[in-house]
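Asks: Got target-v7.cif for you, mmCIF, C-alpha atoms:
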data_protein
loop_
_atom_site.group_PDB
_atom_site.id
_atom_site.type_symbol
_atom_site.label_atom_id
_atom_site.label_comp_id
_atom_site.auth_asym_id
_atom_site.auth_seq_id
_atom_site.Cartn_x
_atom_site.Cartn_y
_atom_site.Cartn_z
ATOM 1 C CA GLN A 1 0.000 0.000 0.000
ATOM 2 C CA VAL A 2 1.434 3.331 -1.078
ATOM 3 C CA GLN A 3 1.506 6.002 1.625
ATOM 4 C CA LEU A 4 2.673 9.611 1.497
ATOM 5 C CA VAL A 5 2.886 11.460 4.794
ATOM 6 C CA GLU A 6 3.623 15.179 4.966
ATOM 7 C CA SER A 7 5.008 17.059 7.944
ATOM 8 C CA GLY A 8 6.538 20.406 8.773
ATOM 9 C CA GLY A 9 3.629 22.761 8.317
ATOM 10 C CA GLY A 10 2.739 25.437 10.827
ATOM 11 C CA LEU A 11 2.239 29.115 11.514
ATOM 12 C CA VAL A 12 4.955 31.543 10.503
ATOM 13 C CA GLN A 13 5.248 35.286 10.076
ATOM 14 C CA ALA A 14 5.688 36.833 6.663
ATOM 15 C CA GLY A 15 9.324 36.673 5.625
ATOM 16 C CA GLY A 16 9.899 33.508 7.595
ATOM 17 C CA SER A 17 10.785 29.990 6.474
ATOM 18 C CA LEU A 18 9.444 26.463 6.753
ATOM 19 C CA ARG A 19 10.603 23.124 5.448
ATOM 20 C CA LEU A 20 8.009 20.543 4.508
ATOM 21 C CA SER A 21 8.784 16.841 4.292
ATOM 22 C CA CYS A 22 6.930 14.034 2.544
ATOM 23 C CA ALA A 23 7.838 10.474 3.462
ATOM 24 C CA ALA A 24 6.825 7.739 1.045
ATOM 25 C CA SER A 25 6.395 4.028 1.583
ATOM 26 C CA GLY A 26 5.002 1.030 -0.218
ATOM 27 C CA LEU A 27 6.797 1.329 -3.552
ATOM 28 C CA THR A 28 10.163 1.859 -5.215
ATOM 29 C CA PHE A 29 10.444 5.546 -4.416
ATOM 30 C CA GLY A 30 13.376 6.328 -6.686
ATOM 31 C CA SER A 31 11.427 5.280 -9.771
ATOM 32 C CA TYR A 32 8.943 8.148 -9.773
ATOM 33 C CA ALA A 33 8.730 11.879 -10.141
ATOM 34 C CA MET A 34 7.126 13.737 -7.262
ATOM 35 C CA GLY A 35 5.368 17.030 -6.823
ATOM 36 C CA TRP A 36 4.031 19.549 -4.318
ATOM 37 C CA PHE A 37 0.646 21.185 -4.711
ATOM 38 C CA ARG A 38 -1.304 23.569 -2.519
ATOM 39 C CA GLN A 39 -4.918 24.527 -1.998
ATOM 40 C CA ALA A 40 -6.121 27.662 -0.277
ATOM 41 C CA PRO A 41 -9.664 27.885 1.147
ATOM 42 C CA GLY A 42 -12.216 28.355 -1.593
ATOM 43 C CA LYS A 43 -9.648 27.965 -4.350
ATOM 44 C CA GLU A 44 -8.559 25.233 -6.695
ATOM 45 C CA ARG A 45 -5.509 23.098 -6.086
ATOM 46 C CA ASP A 46 -2.409 24.736 -7.578
ATOM 47 C CA PHE A 47 0.898 23.338 -8.699
ATOM 48 C CA VAL A 48 3.897 24.412 -6.605
ATOM 49 C CA ALA A 49 6.922 22.364 -7.681
ATOM 50 C CA ALA A 50 7.970 19.034 -9.160
ATOM 51 C CA ILE A 51 11.150 16.978 -9.114
ATOM 52 C CA SER A 52 12.310 14.160 -11.364
ATOM 53 C CA ARG A 53 12.957 10.701 -10.030
ATOM 54 C CA THR A 54 16.702 11.311 -9.884
ATOM 55 C CA GLY A 55 16.387 14.829 -8.506
ATOM 56 C CA GLY A 56 18.264 16.175 -11.506
ATOM 57 C CA SER A 57 15.344 18.169 -12.887
ATOM 58 C CA THR A 58 12.990 20.532 -11.076
ATOM 59 C CA VAL A 59 10.234 22.908 -12.099
ATOM 60 C CA TYR A 60 8.417 25.610 -10.131
ATOM 61 C CA ALA A 61 5.306 27.709 -10.319
ATOM 62 C CA ASP A 62 6.161 31.311 -11.145
ATOM 63 C CA SER A 63 4.684 32.455 -7.836
ATOM 64 C CA VAL A 64 7.278 30.525 -5.809
ATOM 65 C CA LYS A 65 10.300 30.586 -8.092
ATOM 66 C CA GLY A 66 13.352 31.900 -6.277
ATOM 67 C CA ARG A 67 11.746 31.397 -2.848
ATOM 68 C CA PHE A 68 10.957 27.667 -2.703
ATOM 69 C CA THR A 69 13.276 24.724 -3.336
ATOM 70 C CA ILE A 70 12.185 21.151 -3.920
ATOM 71 C CA SER A 71 14.607 18.315 -3.228
ATOM 72 C CA ARG A 72 14.602 14.597 -2.561
ATOM 73 C CA ASP A 73 16.595 11.976 -0.731
ATOM 74 C CA ASN A 74 15.897 8.630 -2.368
ATOM 75 C CA ALA A 75 17.756 6.748 0.354
ATOM 76 C CA LYS A 76 15.283 8.184 2.869
ATOM 77 C CA THR A 77 12.323 7.923 0.438
ATOM 78 C CA THR A 78 11.513 11.534 1.241
ATOM 79 C CA ILE A 79 11.023 14.758 -0.660
ATOM 80 C CA TYR A 80 11.298 18.230 0.807
ATOM 81 C CA LEU A 81 10.031 21.710 0.108
ATOM 82 C CA GLN A 82 12.152 24.474 1.567
ATOM 83 C CA MET A 83 10.048 27.627 1.671
ATOM 84 C CA ASN A 84 11.779 30.957 2.279
ATOM 85 C CA ASN A 85 10.513 34.522 2.345
ATOM 86 C CA LEU A 86 6.987 33.286 2.918
ATOM 87 C CA LYS A 87 4.086 35.572 2.089
ATOM 88 C CA PRO A 88 0.486 35.597 3.370
ATOM 89 C CA GLU A 89 -0.654 34.429 -0.069
ATOM 90 C CA ASP A 90 1.341 31.215 0.462
ATOM 91 C CA THR A 91 -1.197 30.185 3.109
ATOM 92 C CA ALA A 92 -2.711 26.860 2.050
ATOM 93 C CA VAL A 93 -2.799 23.141 2.647
ATOM 94 C CA TYR A 94 0.296 21.682 1.000
ATOM 95 C CA SER A 95 0.164 18.150 -0.372
ATOM 96 C CA CYS A 96 2.812 15.961 -1.925
ATOM 97 C CA ALA A 97 1.993 13.647 -4.788
ATOM 98 C CA LEU A 98 3.616 10.803 -6.672
ATOM 99 C CA ARG A 99 3.450 10.500 -10.420
ATOM 100 C CA TYR A 100 2.963 6.771 -10.731
ATOM 101 C CA GLY A 101 3.669 5.315 -14.158
ATOM 102 C CA TYR A 102 5.922 8.145 -15.360
ATOM 103 C CA LEU A 103 9.408 6.635 -15.466
ATOM 104 C CA SER A 104 11.356 9.213 -17.445
ATOM 105 C CA ALA A 105 14.547 10.557 -15.888
ATOM 106 C CA GLY A 106 13.438 14.114 -16.556
ATOM 107 C CA LEU A 107 10.255 16.180 -16.353
ATOM 108 C CA ASP A 108 7.776 17.043 -19.070
ATOM 109 C CA SER A 109 5.152 19.710 -19.570
ATOM 110 C CA TRP A 110 2.546 17.582 -17.806
ATOM 111 C CA SER A 111 4.474 17.718 -14.528
ATOM 112 C CA ARG A 112 2.359 20.711 -13.476
ATOM 113 C CA GLU A 113 -0.942 18.863 -13.911
ATOM 114 C CA SER A 114 -2.463 17.373 -10.756
ATOM 115 C CA ARG A 115 -4.309 14.712 -12.775
ATOM 116 C CA GLU A 116 -0.940 13.202 -13.695
ATOM 117 C CA TYR A 117 -0.347 12.225 -10.068
ATOM 118 C CA LYS A 118 -1.951 9.058 -8.742
ATOM 119 C CA TYR A 119 -0.984 9.029 -5.064
ATOM 120 C CA TRP A 120 -1.453 11.907 -2.632
ATOM 121 C CA GLY A 121 -0.650 12.686 0.958
ATOM 122 C CA GLN A 122 -3.192 14.020 3.423
ATOM 123 C CA GLY A 123 -1.728 17.520 3.386
ATOM 124 C CA THR A 124 -0.154 19.834 5.933
ATOM 125 C CA GLN A 125 -1.380 23.321 6.773
ATOM 126 C CA VAL A 126 0.892 26.303 6.204
ATOM 127 C CA THR A 127 -0.312 29.631 7.560
ATOM 128 C CA VAL A 128 1.628 32.836 6.978
ATOM 129 C CA SER A 129 0.626 35.846 9.047
ATOM 130 C CA SER A 130 1.192 39.400 7.902
#
Output the file's structure as structure tokens, nothing else.
Replies:
Amino acid sequence: QVQLVESGGGLVQAGGSLRLSCAASGLTFGSYAMGWFRQAPGKERDFVAAISRTGGSTVYADSVKGRFTISRDNAKTTIYLQMNNLKPEDTAVYSCALRYGYLSAGLDSWSRESREYKYWGQGTQVTVSS
């Protein structure tokens, strides 16, 4: 059974930092690309960042580029999202997702699409106060 478990969310002031973690189990972690998405209250789920199965390729939403960094440790079957210079508009539930069935070493244009990801974590709340 595939499980993704996020941690690291919380309340932080604007300009602060948080690091989210997503631990995976139940499959060969290093075979799959992973992504982070977020959903604010009353809004649709948005793409945040994605990372290839090797960690050699990453892609970011324009709204977080230069502030957030996605990374992975395949030995620990975990991905991370380092979030710096947080803004109130970053407030959302952040979820990690696994792109099952996509085995390429890189990323493609579909990496930003939530429907490409089969397995999802339960999410962790990030709240940024002004």
Asks: May I ask which of the residues A:Leu11, A:Val2, A:Ala92, A:Ala97 is the closest one to Thr28 in chain A, counting only C-alpha atoms?
Replies: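 Using only C-alpha atoms, Thr28 in chain A sits closest to A:Val2.
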Asks: Skip Thr58 in chain A itself and residues of its chain fewer than 2 positions away, then list as a JSON list (two decimals) with C-alpha atoms, in the coordinates of the input all residues within 8 Å of it, counting all atoms listed in the file.
Replies:
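Once written, result_18.json looks like this:
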[["chain", "number", "residue", "atom", "x", "y", "z"],
["A", 49, "ALA", "CA", 6.92, 22.36, -7.68],
["A", 50, "ALA", "CA", 7.97, 19.03, -9.16],
["A", 51, "ILE", "CA", 11.15, 16.98, -9.11],
["A", 52, "SER", "CA", 12.31, 14.16, -11.36],
["A", 55, "GLY", "CA", 16.39, 14.83, -8.51],
["A", 56, "GLY", "CA", 18.26, 16.18, -11.51],
["A", 60, "TYR", "CA", 8.42, 25.61, -10.13],
["A", 70, "ILE", "CA", 12.18, 21.15, -3.92],
["A", 107, "LEU", "CA", 10.26, 16.18, -16.35]]
Asks: Applying 9 Å and all atoms listed in the file, which residues near Glu113 in chain A remain after dropping the ones on its own chain fewer than 3 positions away? List them as a ChimeraX atom specification.
Replies: /A:46-47,109-110,116-117
Asks: For a test of reading the model, state the distance in Å between CA of Met83 in chain A and CA of Phe68 in chain A, rounded to one decimal.
Replies: 4.5 Å
Asks: In terms of the shortest atom-to-atom distance over only C-alpha atoms, which of A:Val128, A:Ala61, A:Leu27, A:Met34 is closest to Gly15 in chain A?
Replies: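 Of the candidates, the smallest distance to Gly15 in chain A is held by A:Val128.
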Asks: For Leu18 in chain A, list every protein, DNA or RNA residue within 12 Å, evaluated using all atoms listed in the file, and leave out those in the same chain fewer than 2 positions away; present the list as JSON, numbers by chain.
Replies: {"A": [7, 8, 9, 10, 11, 12, 13, 14, 15, 16, 20, 21, 67, 68, 69, 80, 81, 82, 83, 84, 85, 86, 87, 90, 91, 94, 124, 125, 126, 127, 128]}
Asks: Compile the contact shell of Gly30 in chain A as a list in words: residues with an atom at most 10 Å away, counting all atoms listed in the file, same-chain residues fewer than 4 positions apart removed.
Replies: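 The residues satisfying every condition are Met34, Ser52, Arg53, Thr54, Gly55, Arg72, Asp73, Asn74, Ala75, Lys76, Thr77, Thr78 and Leu103 of chain A.
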Asks: Just to be explicit: take each residue in the selection above, keep C-alpha atoms, and write the result as a PDB file, in the coordinates of the input.
Replies:
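Listing of result01.pdb after writing:
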ATOM      1  CA  MET A  34       7.126  13.737  -7.262  1.00  0.00           C
ATOM      2  CA  SER A  52      12.310  14.160 -11.364  1.00  0.00           C
ATOM      3  CA  ARG A  53      12.957  10.701 -10.030  1.00  0.00           C
ATOM      4  CA  THR A  54      16.702  11.311  -9.884  1.00  0.00           C
ATOM      5  CA  GLY A  55      16.387  14.829  -8.506  1.00  0.00           C
ATOM      6  CA  ARG A  72      14.602  14.597  -2.561  1.00  0.00           C
ATOM      7  CA  ASP A  73      16.595  11.976  -0.731  1.00  0.00           C
ATOM      8  CA  ASN A  74      15.897   8.630  -2.368  1.00  0.00           C
ATOM      9  CA  ALA A  75      17.756   6.748   0.354  1.00  0.00           C
ATOM     10  CA  LYS A  76      15.283   8.184   2.869  1.00  0.00           C
ATOM     11  CA  THR A  77      12.323   7.923   0.438  1.00  0.00           C
ATOM     12  CA  THR A  78      11.513  11.534   1.241  1.00  0.00           C
ATOM     13  CA  LEU A 103       9.408   6.635 -15.466  1.00  0.00           C
TER      14      LEU A 103
END
Asks: For the atom pair CA of Ala40 in chain A and CA of Asp108 in chain A, what is the interatomic distance in Å to one decimal place?
Replies: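 These two atoms are separated by 25.7 Å.
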Asks: Any chance you could resolve the PyMOL selection byres ((chain A and resi 100) around 7) against this file and give the residues as a CSV table (one decimal) with C-alpha atoms, in the frame of the given file?
Replies:
chain,number,residue,atom,x,y,z
A,32,TYR,CA,8.9,8.1,-9.8
A,98,LEU,CA,3.6,10.8,-6.7
A,99,ARG,CA,3.4,10.5,-10.4
A,101,GLY,CA,3.7,5.3,-14.2
A,102,TYR,CA,5.9,8.1,-15.4
A,117,TYR,CA,-0.3,12.2,-10.1
A,118,LYS,CA,-2.0,9.1,-8.7
Asks: Neighbouring residues of Gly121 in chain A were defined as those with any atom within 8 Å, considering all atoms listed in the file; residues of the same chain fewer than 6 positions away were excluded. Please report them as a PyMOL selection string.
Replies: chain A and resi 3-6+22+95-97
Asks: What is the CA of Gly123 in chain A to CA of Gly106 in chain A distance in Å?
Replies: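 CA of Gly106 in chain A lies 25.3 Å from CA of Gly123 in chain A.
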Asks: Could you check which of A:Arg112, A:Ser17, A:Ser104, A:Ala33 is closest to Asp62 in chain A, using all atoms listed in the file?
Replies: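 With all atoms listed in the file as the atom set, the closest residue is A:Arg112.
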Asks: Missing atoms in range 96-107 of chain A should be modelled up to all heavy atoms and reported as a CSV table (one decimal), keeping the file's coordinate frame.
Replies:
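Below is the file that was written, rebuild_28.csv:
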chain,number,residue,atom,x,y,z
A,96,CYS,N,1.9,16.6,-1.0
A,96,CYS,CA,2.8,16.0,-1.9
A,96,CYS,C,2.1,14.9,-2.7
A,96,CYS,O,1.0,14.4,-2.3
A,96,CYS,CB,4.0,15.4,-1.2
A,96,CYS,SG,3.6,14.0,-0.1
A,97,ALA,N,2.6,14.6,-3.9
A,97,ALA,CA,2.0,13.6,-4.8
A,97,ALA,C,3.1,12.9,-5.6
A,97,ALA,O,4.1,13.4,-5.8
A,97,ALA,CB,1.0,14.4,-5.7
A,98,LEU,N,2.7,11.7,-5.9
A,98,LEU,CA,3.6,10.8,-6.7
A,98,LEU,C,3.0,10.5,-8.0
A,98,LEU,O,1.9,10.1,-8.2
A,98,LEU,CB,3.8,9.5,-5.9
A,98,LEU,CG,4.8,8.5,-6.4
A,98,LEU,CD1,5.5,7.8,-5.3
A,98,LEU,CD2,4.2,7.5,-7.4
A,99,ARG,N,3.9,10.7,-9.0
A,99,ARG,CA,3.4,10.5,-10.4
A,99,ARG,C,3.7,9.1,-10.9
A,99,ARG,O,4.7,8.8,-11.6
A,99,ARG,CB,4.2,11.5,-11.3
A,99,ARG,CG,3.5,11.6,-12.7
A,99,ARG,CD,4.2,12.7,-13.5
A,99,ARG,NE,3.6,12.7,-14.8
A,99,ARG,CZ,4.1,13.4,-15.8
A,99,ARG,NH1,5.2,14.2,-15.6
A,99,ARG,NH2,3.6,13.4,-17.0
A,100,TYR,N,2.8,8.2,-10.5
A,100,TYR,CA,3.0,6.8,-10.7
A,100,TYR,C,2.8,6.5,-12.2
A,100,TYR,O,2.0,7.0,-12.9
A,100,TYR,CB,1.9,6.0,-10.0
A,100,TYR,CG,2.0,4.5,-10.1
A,100,TYR,CD1,3.0,3.8,-9.3
A,100,TYR,CD2,1.2,3.8,-10.9
A,100,TYR,CE1,3.1,2.5,-9.4
A,100,TYR,CE2,1.4,2.4,-11.0
A,100,TYR,CZ,2.3,1.8,-10.2
A,100,TYR,OH,2.5,0.4,-10.3
A,101,GLY,N,3.7,5.7,-12.8
A,101,GLY,CA,3.7,5.3,-14.2
A,101,GLY,C,4.5,6.2,-15.1
A,101,GLY,O,4.8,5.8,-16.2
A,102,TYR,N,5.0,7.3,-14.6
A,102,TYR,CA,5.9,8.1,-15.4
A,102,TYR,C,7.3,7.8,-14.9
A,102,TYR,O,7.8,8.2,-13.9
A,102,TYR,CB,5.6,9.6,-15.1
A,102,TYR,CG,6.5,10.6,-15.8
A,102,TYR,CD1,6.3,10.9,-17.2
A,102,TYR,CD2,7.5,11.2,-15.2
A,102,TYR,CE1,7.1,11.7,-17.9
A,102,TYR,CE2,8.4,12.1,-15.9
A,102,TYR,CZ,8.1,12.4,-17.2
A,102,TYR,OH,9.0,13.2,-17.9
A,103,LEU,N,8.1,7.2,-15.8
A,103,LEU,CA,9.4,6.6,-15.5
A,103,LEU,C,10.6,7.4,-16.1
A,103,LEU,O,11.7,7.0,-16.0
A,103,LEU,CB,9.5,5.1,-15.8
A,103,LEU,CG,8.4,4.3,-15.2
A,103,LEU,CD1,8.6,2.8,-15.6
A,103,LEU,CD2,8.5,4.3,-13.7
A,104,SER,N,10.3,8.5,-16.8
A,104,SER,CA,11.4,9.2,-17.4
A,104,SER,C,12.3,9.8,-16.4
A,104,SER,O,11.9,10.1,-15.3
A,104,SER,CB,10.8,10.3,-18.3
A,104,SER,OG,11.8,11.2,-18.8
A,105,ALA,N,13.6,10.0,-16.8
A,105,ALA,CA,14.5,10.6,-15.9
A,105,ALA,C,14.4,12.1,-15.7
A,105,ALA,O,14.9,12.6,-14.8
A,105,ALA,CB,16.0,10.3,-16.4
A,106,GLY,N,13.6,12.7,-16.6
A,106,GLY,CA,13.4,14.1,-16.6
A,106,GLY,C,12.0,14.5,-16.2
A,106,GLY,O,11.3,13.7,-15.7
A,107,LEU,N,11.6,15.7,-16.5
A,107,LEU,CA,10.3,16.2,-16.4
A,107,LEU,C,9.7,16.6,-17.7
A,107,LEU,O,10.4,17.0,-18.6
A,107,LEU,CB,10.2,17.3,-15.4
A,107,LEU,CG,10.7,17.0,-13.9
A,107,LEU,CD1,10.7,18.3,-13.1
A,107,LEU,CD2,9.7,16.1,-13.3
